[in-house]
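One structure below.
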Amino acid sequence: METIIYKICGGERDREMLELSGKILRDGGLVAIPTETVYGLGASALSVSAAEKIYAAKGRPSDNPLIVHVAEPCDAELFAYTTPLYYRLAERFMPGPLTVIMPKRDVIPEAVTGGLDTVAIRCPFHSVARDIIRCAGVPVAAPSANRSGSPSPTSAAHVIADMLGRIDMIVDGGDSEIGVESTVISIADGIITILRPGAVTEEMLSEVCDRVVIDKAVTDPESVGAKPASPGMKYKHYAPAAEVILVEADSVDDFVRYVNSNASDGDGVFASMAEMNDFNVRVLITGEVGSAAELNHSLFSLLREADDLKLRRVYIRKPPAWGEHLALFNRLIRAAAGKIEKA
Ligand code: AMP
Ligand code: MG
């Protein structure tokens, strides 16, 4: 299949091409969409055959449900049984990087929800994403636009590498600002359960509801491979071909010593510019040390870079498993298939 690639330029052609992307979606085709989290692989959420195309293009197991994207938070009403808590969350965090799981209405086929009777709803903040959903006139089911198992795409170049020739269109809206996928929560019984951490943190959610819990699968490396509440969490995920070695170290010095005495030629390490001369292996620059936002932004693209460089192993210092670092920790234990080394 020939894949149309269009880069948003702010010119007159944008409108015409956004209309085209909407028509492709409405007609059951696949369009890669820029969002503030990562690039999504969109298809009509009302169509069984369109959803099946997503699973085929990604090579994704069909029990892993898709997130349904809407142009306005209140559109959730059409596809899910909402609650007052949903609207409190919507007022505070939507449009934005938050996905809310609620009982689904019949219009959403089970092919979209992996056979579950619930549906995950998100209203993205990215203006191009919302324009495309509006043009489509249908809700848009969209997982990350990578081949299943590999790191999520945060630029159109990543999508092209994984999806060229497999999908109808790629809309290039620049690099994804946040860089990790949305926070996924369920809100059953008035309790917020975080199933996947993201830029909307436990602390932020606590401002809206005093009962917020984190699902065990989020932080427990042992649960990689087990059956969690969010089916996507059971797969080894976000992983490059290089082996990811997550190192728990009390200090930067301990980390440097561990890497220098264990790594060999053909290995690499994630480190900041300031630390780059300390290592005797290839350094992939991560931005400011300790800045969760900067690491989130560059994580997936650095994991892809590790593969472009054909690195055998990459060493990464384990971030804290709380607060704004939790999303990163959660992605890294999956990339490392649950293993943590102690420096
Ligand atoms: P991705 O499509 O790669 O962004 O992943 C979507 C995530 O949302 C996966 O971890 C799914 O398991 C999760 N998810 C989507 N829909 C549901 C649902 N109805 N119930 C539980 N988890 C869901
Ligand atoms: Mg994904």
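Naming works like this for the structure tokens: A, B, ... for the chains as they're shown, residue 1 at the start of each chain, ligands 1 onward in shown order.
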Exercise. List all protein, DNA and RNA residues that have an atom no more than 9 Å from any atom of ligand 1, counting only C-alpha atoms and all ligand atoms, and report them as a count of residues only.
Key: 49
Quiz item: Excluding same-chain residues fewer than 2 positions from Gly173 in chain A, what lies within 10 Å of it counting only C-alpha atoms, as a ChimeraX atom specification?
Solution: /A:6-9,33-36,39,126-129,155-156,170-171,175-176
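Among the candidate residues A:Pro319, A:Gly266, A:Gly174, A:Gly59, the one lying nearest to ligand 2 is A:Gly59, with distances computed using only C-alpha atoms and all ligand atoms.
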Quiz item: as an MDAnalysis selection string, which residues of range 8-107 of chain A does DSSP assign to strand (DSSP E or B)?
Solution: chainID A and resid 31:33 40:44 67:69 80 98:104
Practice problem: Identify, on the basis of only C-alpha atoms, every residue whose closest approach to range 293-305 of chain A does not exceed 8 Å; exclude the query and any residue fewer than 5 positions from it along the same chain; express the result as a VMD selection string. | Solution: chain A and resid 151 to 154 158 176 to 180 238 to 240 284 286 to 288 324 327 to 328
For those residues, write N, CA, C and O atoms to a file as a PDB file, in the first residue's frame.
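File produced: selection-v2.pdb:
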```
ATOM      1  N   PRO A 151       9.588   0.496  20.856  1.00  0.00           N
ATOM      2  CA  PRO A 151       9.300   1.753  21.558  1.00  0.00           C
ATOM      3  C   PRO A 151       8.244   2.589  20.825  1.00  0.00           C
ATOM      4  O   PRO A 151       8.209   2.615  19.594  1.00  0.00           O
ATOM      5  N   SER A 152       7.413   3.288  21.592  1.00  0.00           N
ATOM      6  CA  SER A 152       6.378   4.136  20.994  1.00  0.00           C
ATOM      7  C   SER A 152       7.025   5.253  20.176  1.00  0.00           C
ATOM      8  O   SER A 152       8.099   5.736  20.516  1.00  0.00           O
ATOM      9  N   PRO A 153       6.356   5.680  19.090  1.00  0.00           N
ATOM     10  CA  PRO A 153       6.927   6.721  18.238  1.00  0.00           C
ATOM     11  C   PRO A 153       6.636   8.120  18.775  1.00  0.00           C
ATOM     12  O   PRO A 153       5.508   8.425  19.143  1.00  0.00           O
ATOM     13  N   THR A 154       7.656   8.957  18.818  1.00  0.00           N
ATOM     14  CA  THR A 154       7.446  10.327  19.268  1.00  0.00           C
ATOM     15  C   THR A 154       7.760  11.330  18.157  1.00  0.00           C
ATOM     16  O   THR A 154       7.798  12.528  18.396  1.00  0.00           O
ATOM     17  N   HIS A 158       9.820   8.182  13.317  1.00  0.00           N
ATOM     18  CA  HIS A 158       9.641   6.877  13.978  1.00  0.00           C
ATOM     19  C   HIS A 158       8.469   6.115  13.350  1.00  0.00           C
ATOM     20  O   HIS A 158       8.544   4.904  13.155  1.00  0.00           O
ATOM     21  N   SER A 176       6.408  14.771  19.532  1.00  0.00           N
ATOM     22  CA  SER A 176       5.456  14.731  20.647  1.00  0.00           C
ATOM     23  C   SER A 176       6.091  15.400  21.855  1.00  0.00           C
ATOM     24  O   SER A 176       7.198  15.045  22.256  1.00  0.00           O
ATOM     25  N   GLU A 177       5.358  16.339  22.438  1.00  0.00           N
ATOM     26  CA  GLU A 177       5.939  17.152  23.505  1.00  0.00           C
ATOM     27  C   GLU A 177       6.208  16.333  24.777  1.00  0.00           C
ATOM     28  O   GLU A 177       7.272  16.425  25.373  1.00  0.00           O
ATOM     29  N   ILE A 178       5.248  15.509  25.180  1.00  0.00           N
ATOM     30  CA  ILE A 178       5.395  14.779  26.448  1.00  0.00           C
ATOM     31  C   ILE A 178       6.290  13.556  26.275  1.00  0.00           C
ATOM     32  O   ILE A 178       7.218  13.335  27.044  1.00  0.00           O
ATOM     33  N   GLY A 179       6.001  12.734  25.286  1.00  0.00           N
ATOM     34  CA  GLY A 179       6.919  11.636  24.971  1.00  0.00           C
ATOM     35  C   GLY A 179       6.624  10.302  25.618  1.00  0.00           C
ATOM     36  O   GLY A 179       7.188   9.298  25.214  1.00  0.00           O
ATOM     37  N   VAL A 180       5.787  10.233  26.657  1.00  0.00           N
ATOM     38  CA  VAL A 180       5.287   8.931  27.130  1.00  0.00           C
ATOM     39  C   VAL A 180       3.764   8.940  27.005  1.00  0.00           C
ATOM     40  O   VAL A 180       3.136  10.001  26.988  1.00  0.00           O
ATOM     41  N   TYR A 238       7.797  -1.474  24.923  1.00  0.00           N
ATOM     42  CA  TYR A 238       8.692  -0.316  24.854  1.00  0.00           C
ATOM     43  C   TYR A 238      10.143  -0.734  24.672  1.00  0.00           C
ATOM     44  O   TYR A 238      11.043  -0.004  25.039  1.00  0.00           O
ATOM     45  N   ALA A 239      10.366  -1.945  24.192  1.00  0.00           N
ATOM     46  CA  ALA A 239      11.723  -2.471  24.233  1.00  0.00           C
ATOM     47  C   ALA A 239      12.418  -2.352  22.885  1.00  0.00           C
ATOM     48  O   ALA A 239      11.858  -2.706  21.861  1.00  0.00           O
ATOM     49  N   PRO A 240      13.663  -1.870  22.898  1.00  0.00           N
ATOM     50  CA  PRO A 240      14.458  -1.877  21.675  1.00  0.00           C
ATOM     51  C   PRO A 240      15.056  -3.265  21.492  1.00  0.00           C
ATOM     52  O   PRO A 240      14.901  -4.137  22.351  1.00  0.00           O
ATOM     53  N   LEU A 284      24.474   8.114  25.299  1.00  0.00           N
ATOM     54  CA  LEU A 284      23.323   8.732  24.629  1.00  0.00           C
ATOM     55  C   LEU A 284      22.816   9.822  25.566  1.00  0.00           C
ATOM     56  O   LEU A 284      22.471   9.548  26.720  1.00  0.00           O
ATOM     57  N   THR A 286      20.723  12.428  27.564  1.00  0.00           N
ATOM     58  CA  THR A 286      19.326  12.442  27.996  1.00  0.00           C
ATOM     59  C   THR A 286      18.777  13.796  28.424  1.00  0.00           C
ATOM     60  O   THR A 286      17.648  13.873  28.861  1.00  0.00           O
ATOM     61  N   GLY A 287      19.542  14.845  28.369  1.00  0.00           N
ATOM     62  CA  GLY A 287      19.039  16.118  28.903  1.00  0.00           C
ATOM     63  C   GLY A 287      19.340  16.194  30.385  1.00  0.00           C
ATOM     64  O   GLY A 287      20.011  15.326  30.939  1.00  0.00           O
ATOM     65  N   GLU A 288      18.800  17.198  31.033  1.00  0.00           N
ATOM     66  CA  GLU A 288      19.150  17.497  32.426  1.00  0.00           C
ATOM     67  C   GLU A 288      18.927  16.294  33.350  1.00  0.00           C
ATOM     68  O   GLU A 288      17.884  15.645  33.286  1.00  0.00           O
ATOM     69  N   GLU A 324       6.481  12.309  39.654  1.00  0.00           N
ATOM     70  CA  GLU A 324       6.595  12.538  38.213  1.00  0.00           C
ATOM     71  C   GLU A 324       7.538  11.537  37.546  1.00  0.00           C
ATOM     72  O   GLU A 324       7.591  11.456  36.324  1.00  0.00           O
ATOM     73  N   ALA A 327       6.044   7.356  35.659  1.00  0.00           N
ATOM     74  CA  ALA A 327       5.756   6.954  34.275  1.00  0.00           C
ATOM     75  C   ALA A 327       7.015   6.375  33.635  1.00  0.00           C
ATOM     76  O   ALA A 327       6.983   5.328  32.974  1.00  0.00           O
ATOM     77  N   LEU A 328       8.130   7.048  33.883  1.00  0.00           N
ATOM     78  CA  LEU A 328       9.401   6.613  33.313  1.00  0.00           C
ATOM     79  C   LEU A 328       9.806   5.256  33.889  1.00  0.00           C
ATOM     80  O   LEU A 328      10.201   4.341  33.168  1.00  0.00           O
TER      81      LEU A 328
END
```
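Interatomic distance, CA of Val247 in chain A against CA of Ser264 in chain A: 15.7 Å.
The environment of Met276 in chain A within 12 Å, counting only C-alpha atoms and disregarding residues fewer than 4 places along the same chain, consists of A:Val252, A:Val256, A:Gly268, A:Val269, A:Phe270, A:Ala271, A:Ser272, A:Asn280, A:Val281, A:Arg282, A:Val283, A:Leu284, A:Ile285, A:Thr286, A:Gly287, A:Glu288, A:Val289.
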Quiz prompt | Contacts of Cys74 in chain A within 12 Å, only C-alpha atoms, excl. fewer than 4 positions in-chain, as an MDAnalysis selection string | solution = chainID A and resid 69:70 78:84 86:91 94:95 121:123
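Coordinates place CA of Val159 in chain A at a distance of 15.4 Å from CA of Tyr55 in chain A.
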Exercise. Mind listing the alpha helix (DSSP H) residues of range 61-303 of chain A, per DSSP on the backbone, as a VMD selection string?
Key: chain A and resid 76 to 79 84 to 93 127 to 136 156 to 163 202 to 206 216 to 219 252 to 262 292 to 303
Practice problem: Would you kindly return, as an MDAnalysis selection string, each protein, DNA or RNA residue with an atom no farther than 8 Å from any atom of Lys318 in chain A, considering only C-alpha atoms and excluding same-chain residues fewer than 3 positions away? | Solution: chainID A and resid 246:249 329 332 340
I need the residues from that last selection saved to file as a compact mmCIF listing (two decimals), in the first residue's frame (with N, CA, C and O atoms), if you can.
```
# COMPACT_ATOMS: atom_id res chain seq x y z
N LEU A 246 18.68 -2.02 33.66
CA LEU A 246 18.25 -0.97 34.60
C LEU A 246 19.07 -1.14 35.87
O LEU A 246 19.09 -2.21 36.46
N VAL A 247 19.77 -0.07 36.28
CA VAL A 247 20.69 -0.18 37.40
C VAL A 247 20.22 0.68 38.56
O VAL A 247 20.02 1.90 38.41
N GLU A 248 20.03 0.05 39.72
CA GLU A 248 19.68 0.80 40.91
C GLU A 248 20.97 1.24 41.59
O GLU A 248 21.79 0.40 41.99
N ALA A 249 21.18 2.56 41.67
CA ALA A 249 22.43 3.07 42.26
C ALA A 249 22.10 4.21 43.21
O ALA A 249 21.22 5.02 42.93
N PHE A 329 9.71 5.13 35.23
CA PHE A 329 10.06 3.87 35.89
C PHE A 329 9.24 2.72 35.31
O PHE A 329 9.76 1.66 34.97
N LEU A 332 10.46 1.80 31.91
CA LEU A 332 11.79 1.20 31.92
C LEU A 332 11.78 -0.23 32.45
O LEU A 332 12.50 -1.08 31.94
N ILE A 340 16.13 -5.71 37.47
CA ILE A 340 16.85 -4.55 37.97
C ILE A 340 18.18 -5.03 38.56
O ILE A 340 18.19 -5.95 39.39
```
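Each of A:Ala32, A:Ala321, A:Ala241, A:Ala343 was checked against Leu164 in chain A using only C-alpha atoms; the smallest atom-to-atom distance is that of A:Ala32.
Minimum distance to Val244 in chain A across A:Gly338, A:Gly323, A:Pro124, A:Pro139 (counting only C-alpha atoms) occurs at A:Gly338.
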Quiz item: Distance CA of Arg313 in chain A-CA of Asn262 in chain A, one decimal place?
Solution: 10.7 Å
